[in-house]
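Engineer: I am attaching a structure below and will ask some questions about it afterwards.
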Amino acid sequence: MVPMTQKKEAPPFRKTAETFMSGATTLEQRYFVSPEIFAEEQEKIFARQWVLAGHQSQIAKAGDYFVQEVAGESVIVVQDQKGEVRTFYNVCRHRGTRLCEDAMGHSAAIQCPYHAWTYALDGRLIGVPHMESVPGFDKAEYSLHAVKLAMWEGFIFVNLAQEPTPLEKVFAPLVGKFSHWHLPGLRSAKRIEYDVRANWKLMFENYSECYHCPGVHPMLSKISPYDSAENDLCEGPFLGGFMKINAGKSLSMSGNACALPVGDIKAEDHARVFYYSIFPNMLLSLHPEYVMVHQLWPHAPDRTTIVCDWFFHPDAFARKDFNPEDAVEFWDMTNKQDWHVCELSQQGIASRAYQPGPYSPRERIPAAWDREYLRQLE
Ligand code: FES
Ligand SMILES: [Fe+2]
């Protein structure tokens, strides 16, 4: 046993050529436990970067809306009468009251629950009881405050910055990369929310390697060899590549395909699953017949909500061979295995005994993710 009151010396660590090449250790403890760093991340990353809020299929009709908290701000995401996606601060222009309390819904207009000021779905103030006698009052000056919005492959991204770098510029490395999966047209068959007692970065680091797969995911490892990863994005805000799926197999409980293919999947991609992390809150997993998307929403240094959707081809839903639960159950099991080790990591990292440890050659992507995170925090 090591007396915990003494600071331990770093254990001797032999640097092999490979580990030296990666030259990386895990992050310092403060990045996982400090409320100050958490606040800094919220301000510098979640309030300034393009953050995934959802998919356009969630608001398929005019008046459909959902509400998403982003860096402490409540944001309304709505389809307006013209079919455009709009995003607004959930704040009344009269006395600031929260407008929408429900997480999602359908409404012809946005009406404040306090004094009934009413806004059109495009944010214009259209109803203001008893304000006509106020000298100089002009409804046109009291539209809802818009939040910056951009679409990428059918996914809705928001940015709280006043003048953000355009999403097209930030996402330039991904333009056209996933077009044959037809992501804009997909629909989610299932959403599961997980409340994870771990820092959000641990889930990114976990997602970015399969070094842990043989021990943590025995079933996944049988279908997809843990050492088969081939990454094509290895530095920067977008990281990942593909892993092999054994011939004729699928990542589902039965091991069989559970729906028709999501898009024009190339022959070789029928035996591949693509995993990409998209900084700062999206994990995109592309399978031949479904697409799994995780959104990560940090609430505290040691607490994260993870929203997981399973998207399928819109025509798959009406077919007899549609069995989404086969994939959902498989990944719900696998997700929970991952969140469990992330929670164990959080517990150990919070210890006074924790010191950054050396990444293995199989953890180059988490090491690259950490580098990008530190760049973004500068
Ligand atoms: S605060 Fe919204 S109408 Fe008064
Ligand atoms: Fe995992």
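Ligands are numbered from 1 in the order shown, chains are lettered A, B, ... in the order of the structure tokens, and residues start at 1 in each chain.
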Taking only C-alpha atoms into account, produce a table as JSON lines in which each residue of segment 124-238 of chain A with an atom at most 12 Å from an atom of segment 351-361 of chain A appears once, together with its shortest atom pair and the distance in Å to one decimal, ordered by chain and rising number.
Structural biologist:
{"residue": "A:Glu205", "atom": "CA", "partner": "A:Tyr359", "partner_atom": "CA", "distance": 10.8}
{"residue": "A:Glu209", "atom": "CA", "partner": "A:Ser360", "partner_atom": "CA", "distance": 10.1}
{"residue": "A:Cys210", "atom": "CA", "partner": "A:Ser360", "partner_atom": "CA", "distance": 11.3}
{"residue": "A:Tyr211", "atom": "CA", "partner": "A:Ser360", "partner_atom": "CA", "distance": 8.5}
{"residue": "A:His212", "atom": "CA", "partner": "A:Ser360", "partner_atom": "CA", "distance": 11.2}
{"residue": "A:Asp227", "atom": "CA", "partner": "A:Pro361", "partner_atom": "CA", "distance": 11.2}
Engineer: Store the residues picked out above, limited to C-alpha atoms, as a PDB file, in the first residue's frame.
Structural biologist:
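Listing of selection.pdb after writing:
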ATOM      1  CA  GLU A 205     -11.359   9.250 -25.094  1.00  0.00           C
ATOM      2  CA  GLU A 209      -9.901   3.545 -29.047  1.00  0.00           C
ATOM      3  CA  CYS A 210     -10.630  -0.179 -29.017  1.00  0.00           C
ATOM      4  CA  TYR A 211      -7.695  -1.077 -26.766  1.00  0.00           C
ATOM      5  CA  HIS A 212     -10.363  -1.653 -24.114  1.00  0.00           C
ATOM      6  CA  ASP A 227      -7.223  -4.404 -33.629  1.00  0.00           C
TER       7      ASP A 227
END
Engineer: For Ser34 of chain A, list every protein, DNA or RNA residue within 8 Å, evaluated using only C-alpha atoms, and leave out those in the same chain fewer than 4 positions away; present the list as a ChimeraX atom specification.
Structural biologist: /A:30,38,301
Engineer: Please dump the current selection as an mmCIF file, in the first residue's frame; keep N, CA and C atoms.
Structural biologist:
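Here's the written file part.cif:
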data_model
loop_
_atom_site.group_PDB
_atom_site.id
_atom_site.type_symbol
_atom_site.label_atom_id
_atom_site.label_comp_id
_atom_site.auth_asym_id
_atom_site.auth_seq_id
_atom_site.Cartn_x
_atom_site.Cartn_y
_atom_site.Cartn_z
ATOM 1 N N ARG A 30 -6.852 17.921 -12.986
ATOM 2 C CA ARG A 30 -7.715 19.099 -12.910
ATOM 3 C C ARG A 30 -8.707 19.183 -14.071
ATOM 4 N N PHE A 38 -14.160 23.391 -15.780
ATOM 5 C CA PHE A 38 -15.470 23.086 -16.374
ATOM 6 C C PHE A 38 -16.125 24.372 -16.893
ATOM 7 N N PRO A 301 -18.283 18.744 -13.734
ATOM 8 C CA PRO A 301 -17.042 18.038 -14.053
ATOM 9 C C PRO A 301 -17.217 16.523 -14.054
#
Engineer: Listing only residues of chain A within 9 Å of ligand 2, what is the closest atom pair and its distance in Å (to one decimal) for each, using only C-alpha atoms and all ligand atoms, sorted by chain and residue number ascending, as a Markdown table?
Structural biologist:
| residue | atom | partner | partner_atom_place_in_ligand_line | distance |
| --- | --- | --- | --- | --- |
| A:Met203 | CA | ligand 2 | 1 (Fe) | 8.9 |
| A:Asn206 | CA | ligand 2 | 1 (Fe) | 6.0 |
| A:Tyr207 | CA | ligand 2 | 1 (Fe) | 5.9 |
| A:Ser208 | CA | ligand 2 | 1 (Fe) | 8.5 |
| A:Glu209 | CA | ligand 2 | 1 (Fe) | 7.5 |
| A:Cys210 | CA | ligand 2 | 1 (Fe) | 6.4 |
| A:Tyr211 | CA | ligand 2 | 1 (Fe) | 8.7 |
| A:His212 | CA | ligand 2 | 1 (Fe) | 6.5 |
| A:Cys213 | CA | ligand 2 | 1 (Fe) | 5.8 |
| A:Val216 | CA | ligand 2 | 1 (Fe) | 6.8 |
| A:His217 | CA | ligand 2 | 1 (Fe) | 6.6 |
| A:Leu220 | CA | ligand 2 | 1 (Fe) | 8.8 |
| A:Thr334 | CA | ligand 2 | 1 (Fe) | 6.6 |
| A:Asn335 | CA | ligand 2 | 1 (Fe) | 7.0 |
| A:Lys336 | CA | ligand 2 | 1 (Fe) | 9.0 |
| A:Gln337 | CA | ligand 2 | 1 (Fe) | 6.9 |
| A:Asp338 | CA | ligand 2 | 1 (Fe) | 4.8 |
| A:Trp339 | CA | ligand 2 | 1 (Fe) | 8.3 |
| A:Val341 | CA | ligand 2 | 1 (Fe) | 8.7 |
Engineer: Please dump the current selection as a PDB file, in the first residue's frame; keep N, CA and C atoms.
Structural biologist:
ATOM      1  N   MET A 203     -15.643  10.110 -22.159  1.00  0.00           N
ATOM      2  CA  MET A 203     -16.423   9.378 -23.161  1.00  0.00           C
ATOM      3  C   MET A 203     -15.813   9.553 -24.552  1.00  0.00           C
ATOM      4  N   ASN A 206     -12.749   7.356 -24.544  1.00  0.00           N
ATOM      5  CA  ASN A 206     -13.185   5.950 -24.609  1.00  0.00           C
ATOM      6  C   ASN A 206     -13.632   5.574 -26.020  1.00  0.00           C
ATOM      7  N   TYR A 207     -14.381   6.476 -26.652  1.00  0.00           N
ATOM      8  CA  TYR A 207     -14.910   6.193 -28.000  1.00  0.00           C
ATOM      9  C   TYR A 207     -13.793   6.071 -29.026  1.00  0.00           C
ATOM     10  N   SER A 208     -12.661   6.709 -28.733  1.00  0.00           N
ATOM     11  CA  SER A 208     -11.604   6.858 -29.725  1.00  0.00           C
ATOM     12  C   SER A 208     -10.606   5.713 -29.767  1.00  0.00           C
ATOM     13  N   GLU A 209     -10.837   4.682 -28.996  1.00  0.00           N
ATOM     14  CA  GLU A 209      -9.901   3.545 -29.047  1.00  0.00           C
ATOM     15  C   GLU A 209     -10.642   2.239 -28.779  1.00  0.00           C
ATOM     16  N   CYS A 210     -10.046   1.142 -29.280  1.00  0.00           N
ATOM     17  CA  CYS A 210     -10.630  -0.179 -29.017  1.00  0.00           C
ATOM     18  C   CYS A 210      -9.643  -1.064 -28.244  1.00  0.00           C
ATOM     19  N   TYR A 211      -8.648  -0.409 -27.653  1.00  0.00           N
ATOM     20  CA  TYR A 211      -7.695  -1.077 -26.766  1.00  0.00           C
ATOM     21  C   TYR A 211      -8.468  -1.770 -25.639  1.00  0.00           C
ATOM     22  N   HIS A 212      -9.588  -1.118 -25.232  1.00  0.00           N
ATOM     23  CA  HIS A 212     -10.363  -1.653 -24.114  1.00  0.00           C
ATOM     24  C   HIS A 212     -11.361  -2.732 -24.540  1.00  0.00           C
ATOM     25  N   CYS A 213     -11.533  -2.937 -25.846  1.00  0.00           N
ATOM     26  CA  CYS A 213     -12.650  -3.771 -26.313  1.00  0.00           C
ATOM     27  C   CYS A 213     -12.598  -5.234 -25.863  1.00  0.00           C
ATOM     28  N   VAL A 216     -13.756  -5.225 -22.144  1.00  0.00           N
ATOM     29  CA  VAL A 216     -14.999  -4.520 -21.798  1.00  0.00           C
ATOM     30  C   VAL A 216     -16.166  -4.973 -22.683  1.00  0.00           C
ATOM     31  N   HIS A 217     -15.890  -5.288 -23.934  1.00  0.00           N
ATOM     32  CA  HIS A 217     -16.973  -5.617 -24.879  1.00  0.00           C
ATOM     33  C   HIS A 217     -16.731  -6.990 -25.524  1.00  0.00           C
ATOM     34  N   LEU A 220     -18.923  -7.447 -28.743  1.00  0.00           N
ATOM     35  CA  LEU A 220     -18.488  -6.583 -29.851  1.00  0.00           C
ATOM     36  C   LEU A 220     -17.202  -7.132 -30.473  1.00  0.00           C
ATOM     37  N   THR A 334     -23.545  -2.209 -25.019  1.00  0.00           N
ATOM     38  CA  THR A 334     -22.166  -1.767 -25.222  1.00  0.00           C
ATOM     39  C   THR A 334     -21.949  -0.368 -24.641  1.00  0.00           C
ATOM     40  N   ASN A 335     -22.921   0.524 -24.861  1.00  0.00           N
ATOM     41  CA  ASN A 335     -22.841   1.866 -24.262  1.00  0.00           C
ATOM     42  C   ASN A 335     -22.661   1.765 -22.755  1.00  0.00           C
ATOM     43  N   LYS A 336     -23.503   0.948 -22.120  1.00  0.00           N
ATOM     44  CA  LYS A 336     -23.444   0.853 -20.646  1.00  0.00           C
ATOM     45  C   LYS A 336     -22.105   0.284 -20.183  1.00  0.00           C
ATOM     46  N   GLN A 337     -21.557  -0.640 -20.964  1.00  0.00           N
ATOM     47  CA  GLN A 337     -20.221  -1.156 -20.624  1.00  0.00           C
ATOM     48  C   GLN A 337     -19.205  -0.009 -20.676  1.00  0.00           C
ATOM     49  N   ASP A 338     -19.336   0.848 -21.700  1.00  0.00           N
ATOM     50  CA  ASP A 338     -18.415   1.993 -21.820  1.00  0.00           C
ATOM     51  C   ASP A 338     -18.626   3.002 -20.694  1.00  0.00           C
ATOM     52  N   TRP A 339     -19.876   3.351 -20.440  1.00  0.00           N
ATOM     53  CA  TRP A 339     -20.126   4.372 -19.403  1.00  0.00           C
ATOM     54  C   TRP A 339     -19.631   3.864 -18.042  1.00  0.00           C
ATOM     55  N   VAL A 341     -17.017   1.898 -17.416  1.00  0.00           N
ATOM     56  CA  VAL A 341     -15.559   2.079 -17.245  1.00  0.00           C
ATOM     57  C   VAL A 341     -15.204   3.568 -17.190  1.00  0.00           C
TER      58      VAL A 341
END
Engineer: Got a sec to check which residues lie within 8 Å of ligand 1, using only C-alpha atoms and all ligand atoms, and send them as number ranges by chain?
Structural biologist: A: 91-99, 111-118, 128
Engineer: Which residues in segment 12-72 of chain A does DSSP call strand (DSSP E)? List them as a VMD selection string.
Structural biologist: chain A and resid 51 to 55 64 to 70
Engineer: For Leu167 of chain A, work out the shell of residues within 10 Å, counting only C-alpha atoms and skipping chain neighbours fewer than 3 positions away, then give it as an MDAnalysis selection string.
Structural biologist: chainID A and resid 49:50 149:152 157:159 164 170:172
Engineer: Write out as JSON lines a residue-level contact list of segment 269-368 of chain A versus segment 173-195 of chain A with cut-off 12 Å: for each qualifying residue the closest pair of atoms and the distance in Å to one decimal, counting only C-alpha atoms, rows sorted by chain and residue number upward.
Structural biologist:
{"residue": "A:Asp269", "atom": "CA", "partner": "A:Trp181", "partner_atom": "CA", "distance": 10.8}
{"residue": "A:His270", "atom": "CA", "partner": "A:Trp181", "partner_atom": "CA", "distance": 11.9}
{"residue": "A:Phe274", "atom": "CA", "partner": "A:Phe178", "partner_atom": "CA", "distance": 10.0}
{"residue": "A:Tyr275", "atom": "CA", "partner": "A:Phe178", "partner_atom": "CA", "distance": 11.6}
{"residue": "A:Tyr276", "atom": "CA", "partner": "A:Leu174", "partner_atom": "CA", "distance": 10.4}
{"residue": "A:Ser277", "atom": "CA", "partner": "A:Leu174", "partner_atom": "CA", "distance": 11.6}
{"residue": "A:Ile278", "atom": "CA", "partner": "A:Leu174", "partner_atom": "CA", "distance": 9.8}
{"residue": "A:Leu284", "atom": "CA", "partner": "A:Phe178", "partner_atom": "CA", "distance": 10.4}
{"residue": "A:Ser285", "atom": "CA", "partner": "A:Phe178", "partner_atom": "CA", "distance": 11.0}
{"residue": "A:Leu286", "atom": "CA", "partner": "A:Trp181", "partner_atom": "CA", "distance": 7.9}
{"residue": "A:His287", "atom": "CA", "partner": "A:Trp181", "partner_atom": "CA", "distance": 9.1}
{"residue": "A:Pro288", "atom": "CA", "partner": "A:Trp181", "partner_atom": "CA", "distance": 8.4}
{"residue": "A:Glu289", "atom": "CA", "partner": "A:Trp181", "partner_atom": "CA", "distance": 9.3}
{"residue": "A:Tyr290", "atom": "CA", "partner": "A:Leu186", "partner_atom": "CA", "distance": 8.9}
{"residue": "A:Val291", "atom": "CA", "partner": "A:Leu183", "partner_atom": "CA", "distance": 8.3}
{"residue": "A:Met292", "atom": "CA", "partner": "A:Ser188", "partner_atom": "CA", "distance": 8.9}
{"residue": "A:Val293", "atom": "CA", "partner": "A:Arg191", "partner_atom": "CA", "distance": 9.6}
{"residue": "A:His294", "atom": "CA", "partner": "A:Glu193", "partner_atom": "CA", "distance": 9.4}
{"residue": "A:Gln295", "atom": "CA", "partner": "A:Glu193", "partner_atom": "CA", "distance": 9.4}
{"residue": "A:Leu296", "atom": "CA", "partner": "A:Tyr194", "partner_atom": "CA", "distance": 9.7}
{"residue": "A:Trp297", "atom": "CA", "partner": "A:Asp195", "partner_atom": "CA", "distance": 9.7}
{"residue": "A:Pro298", "atom": "CA", "partner": "A:Asp195", "partner_atom": "CA", "distance": 10.0}
{"residue": "A:His299", "atom": "CA", "partner": "A:Asp195", "partner_atom": "CA", "distance": 9.9}
{"residue": "A:Ala300", "atom": "CA", "partner": "A:Asp195", "partner_atom": "CA", "distance": 11.5}
{"residue": "A:Asp302", "atom": "CA", "partner": "A:Asp195", "partner_atom": "CA", "distance": 10.6}
{"residue": "A:Arg303", "atom": "CA", "partner": "A:Asp195", "partner_atom": "CA", "distance": 7.3}
{"residue": "A:Thr304", "atom": "CA", "partner": "A:Asp195", "partner_atom": "CA", "distance": 6.1}
{"residue": "A:Thr305", "atom": "CA", "partner": "A:Asp195", "partner_atom": "CA", "distance": 4.7}
{"residue": "A:Ile306", "atom": "CA", "partner": "A:Tyr194", "partner_atom": "CA", "distance": 5.0}
{"residue": "A:Val307", "atom": "CA", "partner": "A:Glu193", "partner_atom": "CA", "distance": 4.5}
{"residue": "A:Cys308", "atom": "CA", "partner": "A:Ile192", "partner_atom": "CA", "distance": 5.3}
{"residue": "A:Asp309", "atom": "CA", "partner": "A:Arg191", "partner_atom": "CA", "distance": 4.5}
{"residue": "A:Trp310", "atom": "CA", "partner": "A:Ser188", "partner_atom": "CA", "distance": 5.2}
{"residue": "A:Phe311", "atom": "CA", "partner": "A:Ser188", "partner_atom": "CA", "distance": 4.0}
{"residue": "A:Phe312", "atom": "CA", "partner": "A:Leu186", "partner_atom": "CA", "distance": 5.4}
{"residue": "A:His313", "atom": "CA", "partner": "A:Leu186", "partner_atom": "CA", "distance": 5.1}
{"residue": "A:Pro314", "atom": "CA", "partner": "A:Leu186", "partner_atom": "CA", "distance": 5.7}
{"residue": "A:Asp315", "atom": "CA", "partner": "A:Leu186", "partner_atom": "CA", "distance": 9.1}
{"residue": "A:Ala316", "atom": "CA", "partner": "A:Arg187", "partner_atom": "CA", "distance": 9.6}
{"residue": "A:Phe317", "atom": "CA", "partner": "A:Ala189", "partner_atom": "CA", "distance": 8.1}
{"residue": "A:Ala318", "atom": "CA", "partner": "A:Ala189", "partner_atom": "CA", "distance": 11.7}
{"residue": "A:Phe322", "atom": "CA", "partner": "A:Ala189", "partner_atom": "CA", "distance": 10.3}
{"residue": "A:Asn323", "atom": "CA", "partner": "A:Ala189", "partner_atom": "CA", "distance": 9.9}
{"residue": "A:Pro324", "atom": "CA", "partner": "A:Ala189", "partner_atom": "CA", "distance": 6.9}
{"residue": "A:Glu325", "atom": "CA", "partner": "A:Lys190", "partner_atom": "CA", "distance": 8.4}
{"residue": "A:Asp326", "atom": "CA", "partner": "A:Lys190", "partner_atom": "CA", "distance": 11.5}
{"residue": "A:Ala327", "atom": "CA", "partner": "A:Lys190", "partner_atom": "CA", "distance": 10.2}
{"residue": "A:Val328", "atom": "CA", "partner": "A:Lys190", "partner_atom": "CA", "distance": 7.5}
{"residue": "A:Glu329", "atom": "CA", "partner": "A:Lys190", "partner_atom": "CA", "distance": 10.5}
{"residue": "A:Trp331", "atom": "CA", "partner": "A:Ile192", "partner_atom": "CA", "distance": 10.5}
{"residue": "A:Asp332", "atom": "CA", "partner": "A:Ile192", "partner_atom": "CA", "distance": 8.2}
{"residue": "A:Met333", "atom": "CA", "partner": "A:Ile192", "partner_atom": "CA", "distance": 11.8}
{"residue": "A:Asn335", "atom": "CA", "partner": "A:Tyr194", "partner_atom": "CA", "distance": 9.0}
{"residue": "A:Lys336", "atom": "CA", "partner": "A:Tyr194", "partner_atom": "CA", "distance": 8.6}
{"residue": "A:Asp338", "atom": "CA", "partner": "A:Tyr194", "partner_atom": "CA", "distance": 11.4}
{"residue": "A:Trp339", "atom": "CA", "partner": "A:Tyr194", "partner_atom": "CA", "distance": 8.7}
{"residue": "A:His340", "atom": "CA", "partner": "A:Asp195", "partner_atom": "CA", "distance": 11.1}
{"residue": "A:Cys342", "atom": "CA", "partner": "A:Asp195", "partner_atom": "CA", "distance": 11.9}
{"residue": "A:Glu343", "atom": "CA", "partner": "A:Asp195", "partner_atom": "CA", "distance": 10.7}
Engineer: Restricting it to C-alpha atoms, dump the selection as a PDB file, in the first residue's frame.
Structural biologist:
ATOM      1  CA  ASP A 269     -18.161  -0.891 -46.539  1.00  0.00           C
ATOM      2  CA  HIS A 270     -20.685  -3.657 -45.858  1.00  0.00           C
ATOM      3  CA  PHE A 274     -17.038   3.919 -39.293  1.00  0.00           C
ATOM      4  CA  TYR A 275     -16.502   5.787 -36.048  1.00  0.00           C
ATOM      5  CA  TYR A 276     -15.881   9.531 -36.011  1.00  0.00           C
ATOM      6  CA  SER A 277     -15.777  11.994 -33.143  1.00  0.00           C
ATOM      7  CA  ILE A 278     -16.839  15.475 -34.106  1.00  0.00           C
ATOM      8  CA  LEU A 284     -21.009   9.499 -35.314  1.00  0.00           C
ATOM      9  CA  SER A 285     -21.075   5.723 -35.870  1.00  0.00           C
ATOM     10  CA  LEU A 286     -21.933   4.651 -39.393  1.00  0.00           C
ATOM     11  CA  HIS A 287     -23.001   1.054 -39.903  1.00  0.00           C
ATOM     12  CA  PRO A 288     -24.205  -0.419 -43.205  1.00  0.00           C
ATOM     13  CA  GLU A 289     -27.848  -0.486 -42.067  1.00  0.00           C
ATOM     14  CA  TYR A 290     -28.043   2.121 -39.296  1.00  0.00           C
ATOM     15  CA  VAL A 291     -26.332   5.212 -37.994  1.00  0.00           C
ATOM     16  CA  MET A 292     -25.861   5.741 -34.286  1.00  0.00           C
ATOM     17  CA  VAL A 293     -25.306   9.269 -33.010  1.00  0.00           C
ATOM     18  CA  HIS A 294     -24.327  10.262 -29.501  1.00  0.00           C
ATOM     19  CA  GLN A 295     -24.720  13.831 -28.242  1.00  0.00           C
ATOM     20  CA  LEU A 296     -22.733  14.691 -25.123  1.00  0.00           C
ATOM     21  CA  TRP A 297     -23.989  17.353 -22.744  1.00  0.00           C
ATOM     22  CA  PRO A 298     -21.724  18.090 -19.782  1.00  0.00           C
ATOM     23  CA  HIS A 299     -23.508  19.253 -16.614  1.00  0.00           C
ATOM     24  CA  ALA A 300     -20.660  19.205 -14.115  1.00  0.00           C
ATOM     25  CA  ASP A 302     -18.264  14.559 -13.098  1.00  0.00           C
ATOM     26  CA  ARG A 303     -21.672  14.442 -14.769  1.00  0.00           C
ATOM     27  CA  THR A 304     -22.699  14.139 -18.426  1.00  0.00           C
ATOM     28  CA  THR A 305     -25.961  13.434 -20.190  1.00  0.00           C
ATOM     29  CA  ILE A 306     -25.505  11.308 -23.291  1.00  0.00           C
ATOM     30  CA  VAL A 307     -28.328  11.249 -25.820  1.00  0.00           C
ATOM     31  CA  CYS A 308     -28.096   8.318 -28.213  1.00  0.00           C
ATOM     32  CA  ASP A 309     -30.173   7.983 -31.399  1.00  0.00           C
ATOM     33  CA  TRP A 310     -30.390   5.075 -33.817  1.00  0.00           C
ATOM     34  CA  PHE A 311     -31.174   6.314 -37.339  1.00  0.00           C
ATOM     35  CA  PHE A 312     -32.487   4.135 -40.164  1.00  0.00           C
ATOM     36  CA  HIS A 313     -33.484   4.520 -43.787  1.00  0.00           C
ATOM     37  CA  PRO A 314     -36.999   6.044 -43.896  1.00  0.00           C
ATOM     38  CA  ASP A 315     -38.233   3.131 -46.023  1.00  0.00           C
ATOM     39  CA  ALA A 316     -36.935   0.578 -43.519  1.00  0.00           C
ATOM     40  CA  PHE A 317     -39.660   1.337 -40.986  1.00  0.00           C
ATOM     41  CA  ALA A 318     -42.540  -0.213 -42.946  1.00  0.00           C
ATOM     42  CA  PHE A 322     -37.115  -4.072 -39.767  1.00  0.00           C
ATOM     43  CA  ASN A 323     -35.806  -5.020 -36.339  1.00  0.00           C
ATOM     44  CA  PRO A 324     -34.224  -1.893 -34.817  1.00  0.00           C
ATOM     45  CA  GLU A 325     -34.233  -3.366 -31.310  1.00  0.00           C
ATOM     46  CA  ASP A 326     -31.591  -5.846 -32.481  1.00  0.00           C
ATOM     47  CA  ALA A 327     -29.120  -2.969 -32.941  1.00  0.00           C
ATOM     48  CA  VAL A 328     -30.469  -0.824 -30.099  1.00  0.00           C
ATOM     49  CA  GLU A 329     -30.142  -3.622 -27.569  1.00  0.00           C
ATOM     50  CA  TRP A 331     -25.433  -0.845 -28.403  1.00  0.00           C
ATOM     51  CA  ASP A 332     -27.388  -0.133 -25.238  1.00  0.00           C
ATOM     52  CA  MET A 333     -25.430  -3.004 -23.691  1.00  0.00           C
ATOM     53  CA  ASN A 335     -22.841   1.866 -24.262  1.00  0.00           C
ATOM     54  CA  LYS A 336     -23.444   0.853 -20.646  1.00  0.00           C
ATOM     55  CA  ASP A 338     -18.415   1.993 -21.820  1.00  0.00           C
ATOM     56  CA  TRP A 339     -20.126   4.372 -19.403  1.00  0.00           C
ATOM     57  CA  HIS A 340     -19.300   2.011 -16.555  1.00  0.00           C
ATOM     58  CA  CYS A 342     -15.753   5.855 -17.760  1.00  0.00           C
ATOM     59  CA  GLU A 343     -17.371   6.170 -14.318  1.00  0.00           C
TER      60      GLU A 343
END
Engineer: Using only C-alpha atoms, which protein or nucleic acid residues come within 12 Å of Tyr31 of chain A? Drop anything in the same chain fewer than 4 positions from it, and give the result as number ranges by chain.
Structural biologist: A: 26-27, 35-41, 198-202, 300-302, 346, 349-350, 356, 370, 373-374, 377
Engineer: Go ahead and write the residues just picked, C-alpha atoms, as an mmCIF file, in the first residue's frame.
Structural biologist:
data_model
loop_
_atom_site.group_PDB
_atom_site.id
_atom_site.type_symbol
_atom_site.label_atom_id
_atom_site.label_comp_id
_atom_site.auth_asym_id
_atom_site.auth_seq_id
_atom_site.Cartn_x
_atom_site.Cartn_y
_atom_site.Cartn_z
ATOM 1 C CA THR A 26 -3.525 11.266 -20.237
ATOM 2 C CA LEU A 27 -4.657 14.701 -19.086
ATOM 3 C CA PRO A 35 -15.230 23.440 -11.492
ATOM 4 C CA GLU A 36 -13.105 26.330 -12.825
ATOM 5 C CA ILE A 37 -11.926 24.330 -15.839
ATOM 6 C CA PHE A 38 -15.470 23.086 -16.374
ATOM 7 C CA ALA A 39 -16.684 26.705 -16.488
ATOM 8 C CA GLU A 40 -13.850 27.590 -18.866
ATOM 9 C CA GLU A 41 -14.806 24.708 -21.177
ATOM 10 C CA ALA A 198 -18.113 10.928 -15.489
ATOM 11 C CA ASN A 199 -16.440 13.855 -17.184
ATOM 12 C CA TRP A 200 -17.500 14.331 -20.824
ATOM 13 C CA LYS A 201 -13.929 14.003 -22.094
ATOM 14 C CA LEU A 202 -13.671 10.456 -20.759
ATOM 15 C CA ALA A 300 -20.660 19.205 -14.115
ATOM 16 C CA PRO A 301 -17.042 18.038 -14.053
ATOM 17 C CA ASP A 302 -18.264 14.559 -13.098
ATOM 18 C CA GLN A 346 -13.681 9.299 -13.058
ATOM 19 C CA ILE A 349 -8.822 10.108 -11.565
ATOM 20 C CA ALA A 350 -10.371 12.036 -8.650
ATOM 21 C CA PRO A 356 -1.327 11.125 -15.935
ATOM 22 C CA ASP A 370 -6.697 15.565 -25.953
ATOM 23 C CA TYR A 373 -9.134 19.842 -26.606
ATOM 24 C CA LEU A 374 -6.139 21.692 -25.144
ATOM 25 C CA LEU A 377 -9.134 25.668 -24.416
#
Engineer: Considering only C-alpha atoms, state which residue in the set A:Met104, A:Ala109, A:Ile126, A:Leu239 is at the smallest distance from Glu372 of chain A.
Structural biologist: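 Closest residue, counting only C-alpha atoms: A:Leu239.
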Engineer: Among segment 70-188 of chain A, which ones does DSSP place in alpha helix (DSSP H), written as a VMD selection string?
Structural biologist: chain A and resid 167 to 170
Engineer: Take the residues from that selection and put them in a file with N, CA and C atoms, as a compact mmCIF listing (two decimals), in the first residue's frame.
Structural biologist:
# COMPACT_ATOMS: atom_id res chain seq x y z
N LEU A 167 -19.81 27.40 -40.20
CA LEU A 167 -19.70 25.94 -40.06
C LEU A 167 -19.08 25.32 -41.30
N GLU A 168 -19.42 25.82 -42.48
CA GLU A 168 -18.88 25.24 -43.72
C GLU A 168 -17.36 25.27 -43.71
N LYS A 169 -16.81 26.32 -43.09
CA LYS A 169 -15.36 26.44 -43.04
C LYS A 169 -14.79 25.45 -42.02
N VAL A 170 -15.41 25.39 -40.84
CA VAL A 170 -14.92 24.48 -39.80
C VAL A 170 -15.03 23.03 -40.26
Engineer: Please provide the set of residues having any atom within 8 Å of Lys139 of chain A, restricted to only C-alpha atoms, with same-chain residues fewer than 2 positions apart removed, written as a tab-separated table (two decimals) with C-alpha atoms, in the first residue's frame.
Structural biologist:
chain	number	residue	atom	x	y	z
A	125	LEU	CA	-43.35	39.55	-32.23
A	126	ILE	CA	-46.93	39.42	-33.49
A	128	VAL	CA	-48.57	42.37	-27.61
A	137	PHE	CA	-43.03	51.06	-28.98
A	141	GLU	CA	-37.73	45.80	-32.48
A	142	TYR	CA	-38.71	42.92	-30.21
A	143	SER	CA	-38.25	39.78	-32.22
Engineer: Using atom CA of Val196 of chain A and atom CA of Leu344 of chain A as the two end points, give the distance in Å to one decimal.
Structural biologist: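 These two atoms are separated by 10.8 Å.
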Engineer: Between atom CA of Leu283 of chain A and atom CA of Gly105 of chain A, what is the spacing in Å?
Structural biologist: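 Between these atoms lies a distance of 25.7 Å.
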Engineer: Go through A:Gln347, A:Gln376, A:Asn231, A:Ser254 and flag the residue nearest Phe32 of chain A, using only C-alpha atoms for the distances.
Structural biologist: A:Gln347
Engineer: Extract, using only C-alpha atoms, all DNA, RNA and protein residues at most 7 Å from segment 85-89 of chain A, discarding same-chain residues fewer than 2 positions from it, and format them as a PyMOL selection string.
Structural biologist: chain A and resi 74-80+83+91+122+144-147+149
Engineer: Point out the residue among A:Ile156, A:Ala24, A:Ala71, A:Val273 with the least atom-to-atom distance to Ile59 of chain A, counting only C-alpha atoms.
Structural biologist: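 Closest candidate: A:Ile156.
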